[in-house]
Amino acid sequence: MSHQTRLHEPPAHEAEATAAVGTTGLMGVFVSWVVVLAFICHSHSLQMPNPAYGSRSSQDNGQLDAAGCVSRTEQQQQVSTDTENLSVVIRMPGVVPVKSDNYLCTAFPVPTSQDAYIVDFIPHANMDTVHHMILFGCRSPASSFNYWDCGGFQGTCKGEASIMYAWARNAPPTKLPKDVGFKVGRNSGISYFVLQIHYGDVSVFSDHHRDCSGLTLRMTSKPQPFIAGIYLLMAVDTVILPGNRVTNADIACNYSSHPIYPFAFRTHTHHLGKVVNGYRIRDGRWTLIGRQSPQLPQAFYPTNNEVKVENGDTVAARCVFTGEGRTSKTYIGGTSADEMCNFYIMYYMDSKHAVPYMSCMETGSKELFQHIPAEANLPISVSPEQMSSMMHMGHSADHQGMRLPVESNEAEPLFNQDYHLEQVSAWPHSSLRLGQVSGLALDSDSNLVIFHRGDRYWGPGSFNGQAEYQERSLGPIQQSALLVVDEAKGNILRASGRNMFYMPHGITIDQKNNYWVTDVALHQVMKLSGDGTDRVLLTLGEAFTPGSDKQHFCQPTDVAVDPHTGNVFVSDGYCNARILKFSADGKYLSEWGAGSSDRRRRVPFQIPHSLAFLPDKQEVCVADRENGRIQCFIAETGEFVKEIKKEEFGGEVFAISYSPAGDGLIFAVNGNSLYHTAPLRGFVINYSTKDILDTFSPETKEFKMPHDIESSDGSVFVGDAGSSSVFKFTNEKLHRSVKKAGIEVQELKEMELFVQSKMRPEHNVSKTAVAPEKQIADQQPPPHAAAEEKEKSSAKANGEAGVVPAIITTLLLVPLVLVVSVGLLICWRRNGRYKGKGEPSSMGGLLGKIRGKAVGSLNLGNFFASTKGYSRQGFDQLSTEGSDQERNDEDSSDSENEEYSALPPPQSSS
């Protein structure tokens, strides 16, 4: 079982890890002379660029020829350099496959003679054309031609080949953790990149168009302390019998090298694969590295656990196939009619011991796999609608509805008896005709501003594989994309934004009532006057031009504004994985990626989708959608502060908003996850303790794709792109009980006033961006959307808050008046002196105690802690804050000793 080797050209017909073995013997002598001559010609024709480093290039800024493909000379010019960073675009030079299941390769020299490190891979391909593509690193390519057929004996590289990247089924880009890179150049043994593309169905080329699919590589000359590598587990002898409902392919090898740290995984099969699982086995215990349906986009996804593989461990994988619908045996092979079982582990290891590629092809023993966890045998179903939504989406694809069939654990909401947000079902009072609702914000008058898409929707054909908008011919949206509605009733007060936008996404309103919006089709951020005149005050980015430098965005998602400095933060986005910081006048200041308390385990953003600025803490938080987490950073420096990642989120967080009430409250909505099944819900989270205080969802209908959330004065609004609606929620359940956990009614009323007074001042700056566009199968833009019931509920709350204390005070004064009256009467009758001063003072003291308890000691954080006993400090290792210090034992309920371990009802976002 010991098989952990470096690759020496795996057989080409085995698709994903393919490259034919070079010729040997006498033929090798002849070929070597040919290769020398070819190499000279090849080197001359390629015109190797100057190895000096330059500045980052845009994602796709090379010139295209008449057929839409990059020529070799133009491709060479797309190597942009600066003193430390390097960007290389590798594309097929306008090829036309002549047969189905054609494997074509092209080579490109590493553009420096020094050591360099790949830190980012950006694919430029579409599954309509490309079955899959693999990037190899080698010392010398197998051919000197611009491109060649590498599916036969010629293969990809001469000698040793290392797989560095693989892509299929419209997978999104892959960015490596900080301080981790694939080493290439002088001391790596890798002087050339070889891009191999498997073209499946040649009929897509019936119009004789030329293909220029490929990759952009981001590189740096800065030495990385950790070197990345690929460990491939691949089945080679599985036979899938026709009609068999289940066939397993098992692979297992003993590991016998220096420690590796898996941080991403990728699965690959053809049409019959249902699920692929990878594990580390140590002392009989199976630890999951990753599991995924190979029918979903075949990206490198973050590993499910923090796993370290050491000498003596076993690495294992299982692929589950079905033979239903087949009439003959299916074998492992390189054609579309064959099957494959591949589990890729992307890992890093200390640079001193780095091995760039390892593989395992040994069939695992039946005895070993008797103990595989039951989850490995559960297929992950993918509906036809999900498959359809995946098509044509390129790397900006959204995976709406792609969830594991895992039962959710429906726990009771934490504050369903004391503090719970409930839908205002009668809001809005009149119907709003909306398209996909992408963004919400509150203006300076506390009116709700809705950013929607009118008759436009993000569909499979909206963008190509390079994130370029494909529907410009439709022109801008003719409907008013910006609606200002009354928060109390939801009536439209003002409409604007006609003929300005192509695909609206996020909106934030600054202290001067200016609108900051993003448009993912334009790849721009715009600052608009909030007076309804549609005046554009500032524009960042170049229209319809995706990119990754300081002047370009690639489908930016949201904006946050610092109310004190005016600095602007942009989450960028679907193709990039960064937050950019600009001054108030649009000057680029800085940018950063994902954070972690452990630099070696830093997982890059996967669609930073929504932002919230925390004015009382001077931090900016981001909803990292596909990683299912919220990360917060110091606004001034970009320094990582904390991460909130909960099982209840179900793997995705679409949008966040913030309120400074108490210790700070984060409002969030989740989405449909690739890994878990969780209900779509909203969450109220204590910023300091990271505890979930409440979950909420609509009563009249379900969330379909909650895309943005906004909070103010005890009300919360959720914009749903799936149902083209806006929902309003309030905490009116707070008024229903006379006594809760020993806290009198007037205390609850005072608490509500406290919440409102704390939330009112900064309602604008709490906005964070809405959820991304996951592809929706039923995308008819229905009517109805959102608005504001806040003024009404706020006025009602203020009125009610004064009623009960007044009644109690009156009731207490009645006996006082009676006692005083009786005393005066007695004294008058006895002609004695009146000595009644003590009683009123004691009664005043009693009132003072009651009021003091309700007001003086009341704190929202204390209230939550004292009534529910929160001692949990967060699920992840980054949590160091606790709420125990603020617990009020006197007012604690019987549940105070609970340790909240059940999964409260999460809300999935889509």
# chains A, B, ... in the order shown; residues from 1 in each chain; ligands from 1
>>> residues_around(residues="stretch 116-129 of chain A", least_positions_apart="4", cutoff="8 Å", atoms="only C-alpha atoms", output="PDB file with C-alpha atoms, in the first residue's frame")
ATOM      1  CA  THR A 112      12.111  34.619 -15.755  1.00  0.00           C
ATOM      2  CA  TYR A 165      -3.697  23.298 -11.644  1.00  0.00           C
ATOM      3  CA  TRP A 167     -10.152  23.055 -14.119  1.00  0.00           C
ATOM      4  CA  ALA A 168     -13.506  21.754 -15.369  1.00  0.00           C
ATOM      5  CA  ARG A 169     -17.232  22.531 -15.401  1.00  0.00           C
ATOM      6  CA  ASN A 170     -16.977  26.319 -15.076  1.00  0.00           C
ATOM      7  CA  PRO A 172     -14.191  29.602 -10.232  1.00  0.00           C
ATOM      8  CA  PRO A 173     -10.618  30.935  -9.846  1.00  0.00           C
ATOM      9  CA  THR A 174      -8.174  29.542  -7.283  1.00  0.00           C
ATOM     10  CA  LYS A 175      -6.064  31.808  -5.078  1.00  0.00           C
ATOM     11  CA  LEU A 176      -3.479  30.370  -2.726  1.00  0.00           C
ATOM     12  CA  PRO A 177      -3.146  31.250   0.980  1.00  0.00           C
ATOM     13  CA  VAL A 180       2.153  29.885  -0.160  1.00  0.00           C
ATOM     14  CA  GLY A 181       3.105  29.507  -3.823  1.00  0.00           C
ATOM     15  CA  PHE A 182       3.950  27.003  -6.546  1.00  0.00           C
ATOM     16  CA  LYS A 183       7.656  27.360  -7.159  1.00  0.00           C
ATOM     17  CA  VAL A 184       8.863  27.706 -10.755  1.00  0.00           C
ATOM     18  CA  GLY A 185      12.002  28.988 -12.428  1.00  0.00           C
ATOM     19  CA  TYR A 199     -11.978  19.092 -26.091  1.00  0.00           C
ATOM     20  CA  GLY A 200     -14.909  16.703 -25.681  1.00  0.00           C
ATOM     21  CA  ASP A 201     -17.557  17.195 -28.341  1.00  0.00           C
ATOM     22  CA  VAL A 204     -19.304  22.727 -30.958  1.00  0.00           C
ATOM     23  CA  SER A 213      -9.138  29.162 -23.762  1.00  0.00           C
ATOM     24  CA  GLY A 214      -6.461  29.322 -21.114  1.00  0.00           C
ATOM     25  CA  LEU A 215      -5.286  30.733 -17.792  1.00  0.00           C
ATOM     26  CA  THR A 216      -3.876  33.827 -16.175  1.00  0.00           C
ATOM     27  CA  LEU A 217      -1.102  33.130 -13.653  1.00  0.00           C
ATOM     28  CA  ARG A 218      -0.273  35.646 -10.953  1.00  0.00           C
ATOM     29  CA  MET A 219       3.329  35.257  -9.816  1.00  0.00           C
ATOM     30  CA  THR A 220       5.776  36.914  -7.482  1.00  0.00           C
ATOM     31  CA  SER A 221       9.541  36.895  -7.118  1.00  0.00           C
ATOM     32  CA  LYS A 222       9.232  37.206  -3.345  1.00  0.00           C
ATOM     33  CA  PRO A 223      10.331  33.883  -1.777  1.00  0.00           C
ATOM     34  CA  GLN A 224       7.426  32.071  -0.142  1.00  0.00           C
ATOM     35  CA  MET A 391     -23.836  26.239 -17.986  1.00  0.00           C
ATOM     36  CA  HIS A 392     -22.312  29.326 -19.576  1.00  0.00           C
ATOM     37  CA  MET A 393     -21.571  30.908 -16.233  1.00  0.00           C
ATOM     38  CA  GLY A 394     -17.800  30.776 -16.507  1.00  0.00           C
ATOM     39  CA  HIS A 395     -15.923  31.485 -13.307  1.00  0.00           C
ATOM     40  CA  ASN A 464     -18.585  34.684 -20.690  1.00  0.00           C
ATOM     41  CA  GLY A 465     -15.664  32.855 -19.123  1.00  0.00           C
ATOM     42  CA  GLN A 466     -13.684  36.094 -18.842  1.00  0.00           C
TER      43      GLN A 466
END
>>> residues_around(residues="stretch 263-266 of chain A", least_positions_apart="2", cutoff="6 Å", atoms="only C-alpha atoms", output="PyMOL selection string")
chain A and resi 299-303+343-347
>>> write_last_selection(atoms="N, CA, C and O atoms", output="PDB file, in the first residue's frame")
ATOM      1  N   ALA A 299     -13.983  23.078  -9.078  1.00  0.00           N
ATOM      2  CA  ALA A 299     -13.014  24.037  -8.566  1.00  0.00           C
ATOM      3  C   ALA A 299     -12.211  23.393  -7.449  1.00  0.00           C
ATOM      4  O   ALA A 299     -12.519  22.301  -6.985  1.00  0.00           O
ATOM      5  N   PHE A 300     -11.172  24.092  -7.000  1.00  0.00           N
ATOM      6  CA  PHE A 300     -10.489  23.717  -5.769  1.00  0.00           C
ATOM      7  C   PHE A 300     -11.232  24.419  -4.629  1.00  0.00           C
ATOM      8  O   PHE A 300     -11.185  25.630  -4.501  1.00  0.00           O
ATOM      9  N   TYR A 301     -11.927  23.622  -3.826  1.00  0.00           N
ATOM     10  CA  TYR A 301     -12.688  24.147  -2.706  1.00  0.00           C
ATOM     11  C   TYR A 301     -11.870  24.010  -1.417  1.00  0.00           C
ATOM     12  O   TYR A 301     -11.044  23.102  -1.284  1.00  0.00           O
ATOM     13  N   PRO A 302     -12.101  24.894  -0.427  1.00  0.00           N
ATOM     14  CA  PRO A 302     -11.373  24.766   0.845  1.00  0.00           C
ATOM     15  C   PRO A 302     -11.646  23.425   1.499  1.00  0.00           C
ATOM     16  O   PRO A 302     -12.757  22.896   1.434  1.00  0.00           O
ATOM     17  N   THR A 303     -10.625  22.849   2.118  1.00  0.00           N
ATOM     18  CA  THR A 303     -10.797  21.572   2.802  1.00  0.00           C
ATOM     19  C   THR A 303     -11.808  21.713   3.935  1.00  0.00           C
ATOM     20  O   THR A 303     -11.962  22.785   4.526  1.00  0.00           O
ATOM     21  N   PHE A 343      -9.183  12.488  -7.173  1.00  0.00           N
ATOM     22  CA  PHE A 343      -9.318  13.378  -6.024  1.00  0.00           C
ATOM     23  C   PHE A 343      -7.998  14.128  -5.871  1.00  0.00           C
ATOM     24  O   PHE A 343      -6.961  13.525  -5.594  1.00  0.00           O
ATOM     25  N   TYR A 344      -8.036  15.433  -6.115  1.00  0.00           N
ATOM     26  CA  TYR A 344      -6.840  16.274  -6.014  1.00  0.00           C
ATOM     27  C   TYR A 344      -6.765  16.913  -4.632  1.00  0.00           C
ATOM     28  O   TYR A 344      -7.758  17.461  -4.147  1.00  0.00           O
ATOM     29  N   ILE A 345      -5.608  16.865  -4.037  1.00  0.00           N
ATOM     30  CA  ILE A 345      -5.361  17.584  -2.785  1.00  0.00           C
ATOM     31  C   ILE A 345      -4.336  18.670  -3.086  1.00  0.00           C
ATOM     32  O   ILE A 345      -3.223  18.368  -3.531  1.00  0.00           O
ATOM     33  N   MET A 346      -4.712  19.919  -2.879  1.00  0.00           N
ATOM     34  CA  MET A 346      -3.735  21.005  -2.989  1.00  0.00           C
ATOM     35  C   MET A 346      -3.207  21.269  -1.580  1.00  0.00           C
ATOM     36  O   MET A 346      -3.985  21.532  -0.660  1.00  0.00           O
ATOM     37  N   TYR A 347      -1.921  21.177  -1.410  1.00  0.00           N
ATOM     38  CA  TYR A 347      -1.324  21.272  -0.085  1.00  0.00           C
ATOM     39  C   TYR A 347      -0.160  22.260  -0.106  1.00  0.00           C
ATOM     40  O   TYR A 347       0.280  22.717  -1.165  1.00  0.00           O
TER      41      TYR A 347
END
>>> residues_around(residues="A:Trp427", least_positions_apart="6", cutoff="7 Å", atoms="only C-alpha atoms", output="list in words")
Lys489, Gly490 and Lys728 of chain A
>>> closest_residue(among="A:Val96, A:Pro476, A:Phe640, A:Asp624", to="A:His208", atoms="only C-alpha atoms")
A:Val96
>>> select_by_dssp(residues="stretch 499-596 of chain A", states="strand (DSSP E or B)", output="count of residues only")
42
>>> closest_residue(among="A:Glu647, A:Asp237, A:Ser140, A:Asp101", to="A:Ile197", atoms="only C-alpha atoms")
A:Asp101
>>> closest_residue(among="A:Thr330, A:Thr539, A:Gln196, A:Thr518", to="A:Cys554", atoms="only C-alpha atoms")
A:Thr518
>>> atom_distance(atom1="atom CA of A:Gly595", atom2="atom CA of A:Asn686")
20.3 Å
>>> closest_residue(among="A:Asn499, A:Thr314, A:Ser697, A:Thr247", to="A:Gly475", atoms="only C-alpha atoms")
A:Asn499
>>> closest_residue(among="A:Gln551, A:Glu636, A:Leu448, A:Leu195", to="A:Val718", atoms="only C-alpha atoms")
A:Leu448
>>> residues_around(residues="A:Asp443", least_positions_apart="2", cutoff="8 Å", atoms="only C-alpha atoms", output="list in words")
Ala441, Asp445, Ser446, Asn447, Leu448, Val449, Ile509, Asn513 and Asn764 of chain A
>>> select_by_dssp(residues="stretch 278-492 of chain A", states="alpha helix (DSSP H)", output="ChimeraX atom specification")
/A:366-369,384-390
>>> write_last_selection(atoms="C-alpha atoms", output="tab-separated table (two decimals), in the first residue's frame")
chain	number	residue	atom	x	y	z
A	366	LYS	CA	-11.72	-4.05	1.18
A	367	GLU	CA	-10.75	-4.47	4.83
A	368	LEU	CA	-9.61	-0.87	5.06
A	369	PHE	CA	-12.70	0.57	3.37
A	384	PRO	CA	-31.28	19.43	-14.02
A	385	GLU	CA	-32.00	23.00	-12.99
A	386	GLN	CA	-28.71	23.19	-11.16
A	387	MET	CA	-26.90	21.76	-14.16
A	388	SER	CA	-28.58	24.32	-16.37
A	389	SER	CA	-27.65	27.16	-14.06
A	390	MET	CA	-24.02	26.03	-14.21
